[in-house]
$ cat start-v6.cif   # mmCIF, C-alpha atoms
data_data
#
loop_
_atom_site.label_atom_id
_atom_site.label_comp_id
_atom_site.auth_asym_id
_atom_site.auth_seq_id
_atom_site.Cartn_x
_atom_site.Cartn_y
_atom_site.Cartn_z
CA ASP A 7 99.50 123.10 119.67
CA ILE A 8 97.13 124.12 116.87
CA GLN A 9 99.01 125.37 113.82
CA MET A 10 97.37 127.98 111.61
CA THR A 11 98.19 128.52 107.96
CA GLN A 12 97.01 131.25 105.60
CA SER A 13 97.01 131.78 101.87
CA PRO A 14 98.06 133.70 100.03
CA SER A 15 100.91 135.26 102.00
CA SER A 16 100.50 138.44 100.00
CA LEU A 17 98.36 139.81 97.22
CA SER A 18 98.01 142.95 95.16
CA ALA A 19 94.56 144.37 94.59
CA SER A 20 92.78 147.47 93.38
CA VAL A 21 90.16 149.65 95.03
CA GLY A 22 86.78 148.08 94.34
CA ASP A 23 88.10 144.53 94.08
CA THR A 24 86.67 141.64 96.07
CA LEU A 25 89.28 139.45 97.67
CA THR A 26 89.30 136.25 99.69
CA ILE A 27 91.88 135.08 102.20
CA THR A 28 91.88 131.52 103.45
CA CYS A 29 92.95 130.13 106.81
CA ARG A 30 93.37 126.51 107.81
CA ALA A 31 93.76 124.98 111.27
CA SER A 32 95.83 121.85 111.89
CA GLN A 33 92.91 120.30 113.79
CA THR A 34 89.23 121.03 114.08
CA ILE A 35 88.45 124.20 116.02
CA SER A 36 84.67 124.39 115.47
CA ASN A 37 84.02 128.11 114.85
CA PHE A 38 86.66 129.45 117.28
CA LEU A 39 88.33 131.50 114.58
CA ASN A 40 88.94 135.24 114.53
CA TRP A 41 90.31 137.73 111.98
CA TYR A 42 92.38 140.83 112.69
CA GLN A 43 93.65 143.76 110.64
CA LEU A 44 97.10 145.16 111.34
CA LYS A 45 98.52 148.42 110.03
CA PRO A 46 102.00 149.78 110.82
CA GLY A 47 102.04 151.99 113.90
CA LYS A 48 98.42 151.29 114.78
CA ALA A 49 96.68 148.99 117.22
CA PRO A 50 95.54 145.70 115.67
CA LYS A 51 91.80 145.55 115.11
CA LEU A 52 89.37 142.66 115.56
CA LEU A 53 87.24 142.32 112.42
CA ILE A 54 85.46 138.97 112.69
CA TYR A 55 84.97 136.65 115.67
CA SER A 56 83.51 133.15 115.91
CA ALA A 57 84.30 132.67 112.21
CA SER A 58 81.45 134.77 110.87
CA SER A 59 80.32 137.40 113.40
CA LEU A 60 81.14 140.99 112.50
CA GLN A 61 82.72 142.96 115.33
CA SER A 62 80.83 146.13 116.24
CA GLY A 63 81.90 149.10 114.15
CA VAL A 64 83.50 147.04 111.38
CA PRO A 65 82.17 147.79 107.87
CA SER A 66 79.84 145.20 106.38
CA ARG A 67 82.13 144.70 103.38
CA PHE A 68 84.11 142.38 105.68
CA SER A 69 82.67 138.89 106.08
CA GLY A 70 83.87 135.53 107.35
CA SER A 71 82.83 131.95 106.87
CA GLY A 72 83.86 128.40 107.65
CA SER A 73 83.98 125.88 110.45
CA GLY A 74 86.06 122.93 111.48
CA THR A 75 89.44 123.48 109.87
CA ASP A 76 88.82 125.74 106.85
CA PHE A 77 87.89 129.40 107.00
CA THR A 78 87.73 132.42 104.72
CA LEU A 79 87.77 136.19 105.10
CA THR A 80 86.17 138.11 102.23
CA ILE A 81 86.53 141.83 101.65
CA SER A 82 84.01 143.16 99.14
CA SER A 83 84.63 146.40 97.28
CA LEU A 84 88.09 147.01 98.70
CA GLN A 85 88.62 150.52 100.04
CA PRO A 86 91.90 152.46 100.33
CA GLU A 87 91.91 152.02 104.11
CA ASP A 88 91.77 148.23 103.72
CA PHE A 89 95.35 147.90 102.53
CA ALA A 90 96.89 146.17 105.52
CA THR A 91 97.97 142.78 106.83
CA TYR A 92 95.31 140.30 107.93
CA PHE A 93 95.78 137.53 110.49
CA CYS A 94 93.56 134.65 111.50
CA GLN A 95 93.72 133.36 115.07
CA GLN A 96 92.22 130.38 116.88
CA SER A 97 90.58 130.79 120.28
CA HIS A 98 89.85 127.09 120.70
CA SER A 99 92.69 126.28 123.10
CA ILE A 100 95.88 127.46 124.74
CA PRO A 101 98.35 128.32 123.31
CA LEU A 102 96.39 130.86 121.29
CA THR A 103 97.92 130.83 117.82
CA PHE A 104 97.87 133.06 114.78
CA GLY A 105 98.27 132.44 111.10
CA PRO A 106 101.36 133.93 109.44
CA GLY A 107 99.41 136.79 107.90
CA THR A 108 98.33 137.98 104.46
CA LYS A 109 99.62 141.34 103.27
CA VAL A 110 97.25 143.20 100.97
CA ASP A 111 98.86 145.99 98.97
CA ILE A 112 97.89 148.25 96.13
CA LYS A 113 98.24 146.91 92.61
CA GLU B 16 85.97 154.45 124.93
CA VAL B 17 88.35 151.56 125.61
CA GLN B 18 91.95 152.67 125.78
CA LEU B 19 95.03 150.52 126.28
CA SER B 20 98.44 152.17 126.51
CA GLU B 21 101.66 150.19 126.77
CA SER B 22 104.92 151.52 128.18
CA GLY B 23 108.26 150.32 129.50
CA GLY B 24 109.90 149.13 126.31
CA GLY B 25 113.46 149.97 125.38
CA LEU B 26 116.92 148.63 124.66
CA VAL B 27 118.19 145.92 127.00
CA GLN B 28 121.21 143.62 126.90
CA PRO B 29 120.88 139.86 126.50
CA GLY B 30 120.24 138.29 129.88
CA GLY B 31 118.70 141.49 131.21
CA SER B 32 115.25 142.27 132.55
CA LEU B 33 112.46 144.69 131.75
CA ARG B 34 108.96 145.39 133.02
CA LEU B 35 106.22 146.39 130.61
CA SER B 36 103.03 148.12 131.74
CA CYS B 37 99.63 148.47 130.10
CA ALA B 38 97.35 151.17 131.45
CA ALA B 39 93.67 150.51 130.79
CA SER B 40 90.66 152.82 130.83
CA GLY B 41 87.09 152.97 129.56
CA PHE B 42 85.96 149.58 130.86
CA ASP B 43 85.67 147.50 134.03
CA PHE B 44 89.29 146.29 134.01
CA SER B 45 88.86 143.60 136.68
CA ALA B 46 86.07 141.91 134.71
CA PHE B 47 88.24 141.09 131.70
CA ALA B 48 91.14 138.79 130.97
CA MET B 49 94.23 140.44 129.51
CA SER B 50 96.95 139.14 127.24
CA TRP B 51 100.32 140.16 125.90
CA VAL B 52 100.94 139.53 122.20
CA ARG B 53 104.17 140.35 120.36
CA GLN B 54 105.33 140.89 116.80
CA ALA B 55 109.00 140.49 115.97
CA PRO B 56 110.36 142.70 113.16
CA GLY B 57 109.08 141.44 109.83
CA LYS B 58 107.27 138.52 111.49
CA GLY B 59 103.73 137.60 112.44
CA LEU B 60 101.84 137.85 115.71
CA GLU B 61 102.74 135.60 118.64
CA TRP B 62 100.62 135.27 121.77
CA VAL B 63 102.84 135.52 124.87
CA SER B 64 100.71 135.23 128.01
CA VAL B 65 97.20 135.66 129.43
CA LEU B 66 95.80 136.41 132.88
CA ASN B 67 92.17 136.16 133.97
CA GLY B 68 90.30 139.10 135.49
CA ALA B 69 90.86 138.13 139.10
CA GLY B 70 94.52 137.44 138.46
CA GLY B 71 94.53 133.87 139.66
CA SER B 72 94.86 132.01 136.39
CA THR B 73 97.83 132.48 134.07
CA TYR B 74 99.12 130.83 130.92
CA TYR B 75 102.31 131.29 128.93
CA ALA B 76 103.71 130.44 125.53
CA ASP B 77 106.45 127.83 125.75
CA SER B 78 108.92 130.35 124.31
CA VAL B 79 108.67 132.54 127.44
CA LYS B 80 107.67 130.09 130.18
CA GLY B 81 109.92 130.41 133.20
CA ARG B 82 111.33 133.73 132.03
CA PHE B 83 108.29 136.03 131.84
CA THR B 84 105.64 136.71 134.50
CA ILE B 85 102.28 138.34 133.82
CA SER B 86 100.49 140.19 136.61
CA ARG B 87 97.88 142.88 137.13
CA ASP B 88 96.89 145.50 139.68
CA ASN B 89 93.13 145.92 139.38
CA SER B 90 93.20 148.89 141.78
CA LYS B 91 95.41 150.71 139.26
CA ASN B 92 93.79 149.30 136.09
CA THR B 93 97.22 148.17 134.98
CA LEU B 94 98.62 144.99 133.44
CA TYR B 95 102.30 144.09 133.69
CA LEU B 96 104.76 141.80 131.99
CA HIS B 97 107.96 141.09 133.87
CA MET B 98 110.53 139.90 131.35
CA GLY B 99 113.73 138.19 132.50
CA SER B 100 116.66 136.33 130.93
CA LEU B 101 115.97 138.25 127.75
CA ARG B 102 117.22 136.92 124.45
CA ALA B 103 117.71 138.48 121.02
CA GLU B 104 114.65 136.59 119.81
CA ASP B 105 112.49 138.46 122.35
CA THR B 106 113.01 141.62 120.30
CA ALA B 107 109.51 142.67 119.24
CA MET B 108 106.67 145.11 119.53
CA TYR B 109 104.64 144.06 122.56
CA PHE B 110 100.89 144.67 122.58
CA CYS B 111 98.43 144.26 125.42
CA ALA B 112 94.94 143.09 124.53
CA LYS B 113 91.60 142.79 126.28
CA GLN B 114 89.54 139.57 126.26
CA PHE B 115 86.26 138.43 127.78
CA ALA B 116 87.99 135.37 129.18
CA VAL B 117 91.26 133.46 128.87
CA VAL B 118 90.44 131.60 125.64
CA THR B 119 88.45 134.18 123.70
CA PRO B 120 89.17 136.73 120.93
CA PHE B 121 91.32 139.80 121.48
CA LEU B 122 88.67 142.50 121.59
CA SER B 123 90.80 145.64 121.86
CA TRP B 124 94.53 146.26 121.57
CA GLY B 125 97.03 148.93 122.48
CA GLN B 126 99.48 150.41 120.01
CA GLY B 127 102.42 148.56 121.50
CA THR B 128 105.80 149.20 123.07
CA LEU B 129 109.06 148.17 121.40
CA VAL B 130 111.55 145.93 123.18
CA THR B 131 115.01 145.53 121.66
CA VAL B 132 117.40 142.96 123.10
CA SER B 133 120.91 143.65 121.88
CA SER B 134 124.42 144.15 123.15
#

$ encode --input "start-v6.cif" --output "structure tokens"
Amino acid sequence: DIQMTQSPSSLSASVGDTLTITCRASQTISNFLNWYQLKPGKAPKLLIYSASSLQSGVPSRFSGSGSGTDFTLTISSLQPEDFATYFCQQSHSIPLTFGPGTKVDIK
Amino acid sequence: EVQLSESGGGLVQPGGSLRLSCAASGFDFSAFAMSWVRQAPGKGLEWVSVLNGAGGSTYYADSVKGRFTISRDNSKNTLYLHMGSLRAEDTAMYFCAKQFAVVTPFLSWGQGTLVTVSS
């Protein structure tokens, strides 16, 4: 199974900040890496697929990069609605696996 | 607009069974693979099972293999998860999610249904 790790596990930020979350796969997964946003009581939302492609309807302040084993999610000019938990996930092989999540809260 | 709505969750005793449903609308249901993903309280996301559009190809996480069965009724635009031999560690919010194919991103998700396994 492919293990996914994320860092940091949590961070505090302010509106307007730029933040970066990293994700690492235990083996190479090419660009089969996706990012999701999860808020309590709401449906999870796909933000980025194939490491760097922005899902339709997602604001352009979200961006992704990386390939192989190391990936990043960057949120530029953080907005109030961006305070949430973010998960990376590999779609390279079964079982599909997620990172443990990064919780972004208000400083 | 894509809509996914889960139902069927509740409180069940250890060793018991439950069937979850996911009603889909707004897209050609039979053309898409569907998964169940769960989140235990205070924990991260865990993929549970996936089924291709035609319903002939299924995969399961090791943690549920032999106890859970995924199925779909394309005439009713509904996905199911039959859960048996339930354990306390199966307690979680269960989400259904739409995918292009079995090993692809989760494009759209429902809001989930809560399953609690406790005596």

$ closest_atom_pairs --input "start-v6.cif" --of "chain B" --to "chain A" --cutoff "8 Å" --atoms "only C-alpha atoms" --output "CSV"
residue,atom,partner,partner_atom,distance
B:Lys58,CA,A:Pro106,CA,7.8
B:Gly59,CA,A:Pro106,CA,5.3
B:Leu60,CA,A:Phe104,CA,6.3
B:Glu61,CA,A:Phe104,CA,6.7
B:Trp62,CA,A:Leu102,CA,6.1
B:Tyr74,CA,A:Ile100,CA,7.7
B:Tyr75,CA,A:Pro101,CA,7.5
B:Ala76,CA,A:Pro101,CA,6.2
B:Val118,CA,A:Ser97,CA,5.4
B:Thr119,CA,A:Ser97,CA,5.3
B:Pro120,CA,A:Ser97,CA,6.1
B:Phe121,CA,A:Leu52,CA,6.9
B:Leu122,CA,A:Leu52,CA,6.1
B:Ser123,CA,A:Lys51,CA,6.8
B:Trp124,CA,A:Ala49,CA,5.6
B:Gly125,CA,A:Ala49,CA,5.3
B:Gln126,CA,A:Ala49,CA,4.2
B:Gly127,CA,A:Ala49,CA,7.2

$ atom_distance --input "start-v6.cif" --atom1 "CA of Gly99 (chain B)" --atom2 "CA of Gly30 (chain B)"
7.0 Å

$ resolve_selection --input "start-v6.cif" --expression "the PyMOL selection byres ((chain B and resi 24) around 8)" --output "JSON, numbers by chain"
{"B": [22, 23, 25, 26, 33, 34, 35, 128, 129, 130, 131]}

$ write_last_selection --input "start-v6.cif" --atoms "C-alpha atoms" --output "PDB file, keeping the file's coordinate frame"
ATOM      1  CA  SER B  22     104.920 151.520 128.180  1.00  0.00           C
ATOM      2  CA  GLY B  23     108.260 150.320 129.500  1.00  0.00           C
ATOM      3  CA  GLY B  25     113.460 149.970 125.380  1.00  0.00           C
ATOM      4  CA  LEU B  26     116.920 148.630 124.660  1.00  0.00           C
ATOM      5  CA  LEU B  33     112.460 144.690 131.750  1.00  0.00           C
ATOM      6  CA  ARG B  34     108.960 145.390 133.020  1.00  0.00           C
ATOM      7  CA  LEU B  35     106.220 146.390 130.610  1.00  0.00           C
ATOM      8  CA  THR B 128     105.800 149.200 123.070  1.00  0.00           C
ATOM      9  CA  LEU B 129     109.060 148.170 121.400  1.00  0.00           C
ATOM     10  CA  VAL B 130     111.550 145.930 123.180  1.00  0.00           C
ATOM     11  CA  THR B 131     115.010 145.530 121.660  1.00  0.00           C
TER      12      THR B 131
END

$ atom_distance --input "start-v6.cif" --atom1 "CA of Leu25 (chain A)" --atom2 "CA of Ser82 (chain A)"
6.6 Å

$ resolve_selection --input "start-v6.cif" --expression "the PyMOL selection byres ((chain A and resi 72) around 9)" --output "PyMOL selection string"
chain A and resi 36-37+39+57-58+70-71+73-78

$ write_last_selection --input "start-v6.cif" --atoms "C-alpha atoms" --output "short mmCIF file (atom, residue, chain, number, x, y, z; two decimals), in the frame of the given file"
data_model
loop_
_atom_site.label_atom_id
_atom_site.label_comp_id
_atom_site.auth_asym_id
_atom_site.auth_seq_id
_atom_site.Cartn_x
_atom_site.Cartn_y
_atom_site.Cartn_z
CA SER A 36 84.67 124.39 115.47
CA ASN A 37 84.02 128.11 114.85
CA LEU A 39 88.33 131.50 114.58
CA ALA A 57 84.30 132.67 112.21
CA SER A 58 81.45 134.77 110.87
CA GLY A 70 83.87 135.53 107.35
CA SER A 71 82.83 131.95 106.87
CA SER A 73 83.98 125.88 110.45
CA GLY A 74 86.06 122.93 111.48
CA THR A 75 89.44 123.48 109.87
CA ASP A 76 88.82 125.74 106.85
CA PHE A 77 87.89 129.40 107.00
CA THR A 78 87.73 132.42 104.72
#
